[in-house]
Structure formats: structure tokens, C-alpha cells
Amino acid sequence: MSIFTLKSSKKANFYSILTIFTLIFIISAQLGCSKSGNSACNVTAQYIPDRNTAQNTAMVAYCVANNITYTTDSSGILYQIITPGAATKPNLCETLSMTYTGKLLNGTQFDAGTIASYSLSQLIVGWQIAVPKIGKGGRIKILIPSSLAYGSQGAGSSIPPNSPLYFDIVLN
């Protein structure tokens, strides 16, 4: 065996081992966040609970005016579960389909539609906190303080800065 054959053999072994480790990494990453039923997901919404009393007062007034019997989440979100849906609740690693309507507290609708396939972890923090309260087929009404939505920057021309938001969401 020549020195060139020995080097080629060692190089081939190195690349084989590297390929195996790469495949193991890719498979592990795919299993870490699957599209459904991933009870091993350890991802949680990252936030500081909202303590803006003026926004909370406005959100409570919206609930009263619109007959929303709300529960207050420790995050500052007000919500009403209309239909709980399936017993299994989604986690942030899942890709979901949802139909929703979004409004400002003055009643102006700024968005509505169906999200056909989107990772919950990529949505605003308020949704990351509230949507897992229902299962597939469930419906929830939520009022989100601005700090858990679009904050001081707002979103385009339709959502002004520091706006608490109302959503009616159905998990498809």
C-alpha cells in the first residue's frame, strides 16, 4: 500500500464518519420540532407580563361592551374560550392552521383570513400564549396588550404603535 493510498483511505474514512454525524444531526433536528403531536417540545413563549393599567382598563371595557366573559392570563392577556376543541393542545413547535379576525379596540378590523400552515413560534407572543389554550376545532377570543403584540413600533399603517389588539381565532 503506497502512502497515497493510505492518505486517500484515511480521508475516505473521515468523510464517511462526517457524513454519518451530519445525518444524525439532521434527523435529530427534524424530530425536535415536528408538525403535530410533539409532546417533547421544550420551546416556550418568552415575555415579560404586561402591567400597563391604562391598556388593561381599555381591554376590560372592550370585553364588557362586547359581552366577552374574560379570564385574565398572568401575561396580561384577557381571553374567553368559546369552544375548547380537542383535548390535545398545540405547542410552539407545531405548524398550525387557523382562521382569525383581528381588530383594534375602536372596532376597526385590520386583518382577517386563514393561516394555512404556520409555525406557532413565528407568530406574535400573544398568540404563542393564547392559542395553546385550545385544541384543534377550538375557538378563542383574546385581547392582547401591545407589549405582547407589535409594541411601540406598531405594524404598518393598520396597527398604530402601542395598540392592544382583539382577535377571534379558530384552530383548524
# chains A, B, ... in the order shown; residues from 1 in each chain; ligands from 1
call {"tool": "residues_around", "arguments": {"residues": "range 131-139 of chain A", "least_positions_apart": "3", "cutoff": "6 Å", "atoms": "only C-alpha atoms", "output": "list of chain:residue names"}}
result
A:Ile82, A:Thr83, A:Pro84, A:Gly85, A:Ala86, A:Ala87, A:Thr88, A:Lys89, A:Pro90, A:Trp127, A:Ile169, A:Val170, A:Leu171, A:Asn172
call {"tool": "residues_around", "arguments": {"residues": "Leu165 in chain A", "least_positions_apart": "4", "cutoff": "9 Å", "atoms": "only C-alpha atoms", "output": "PyMOL selection string"}}
result
chain A and resi 59+102-105+142-146+149+159
call {"tool": "residues_around", "arguments": {"residues": "Tyr118 in chain A", "least_positions_apart": "2", "cutoff": "8 Å", "atoms": "only C-alpha atoms", "output": "NGL selection string"}}
result
:A and (95-97 or 115-116 or 120 or 122)
call {"tool": "atom_distance", "arguments": {"atom1": "CA of Gly76 in chain A", "atom2": "CA of Tyr47 in chain A"}}
result
10.6 Å
call {"tool": "residues_around", "arguments": {"residues": "Ser158 in chain A", "least_positions_apart": "2", "cutoff": "12 Å", "atoms": "only C-alpha atoms", "output": "ChimeraX atom specification"}}
result
/A:102-104,108-111,150,153-156,160-161,163,165
call {"tool": "atom_distance", "arguments": {"atom1": "CA of Thr72 in chain A", "atom2": "CA of Val60 in chain A"}}
result
9.8 Å
call {"tool": "atom_distance", "arguments": {"atom1": "CA of Gly151 in chain A", "atom2": "CA of Asn66 in chain A"}}
result
23.9 Å
call {"tool": "select_by_dssp", "arguments": {"residues": "range 50-133 of chain A", "states": "strand (DSSP E or B)", "output": "ChimeraX atom specification"}}
result
/A:71-72,78-83,95-104,109-119
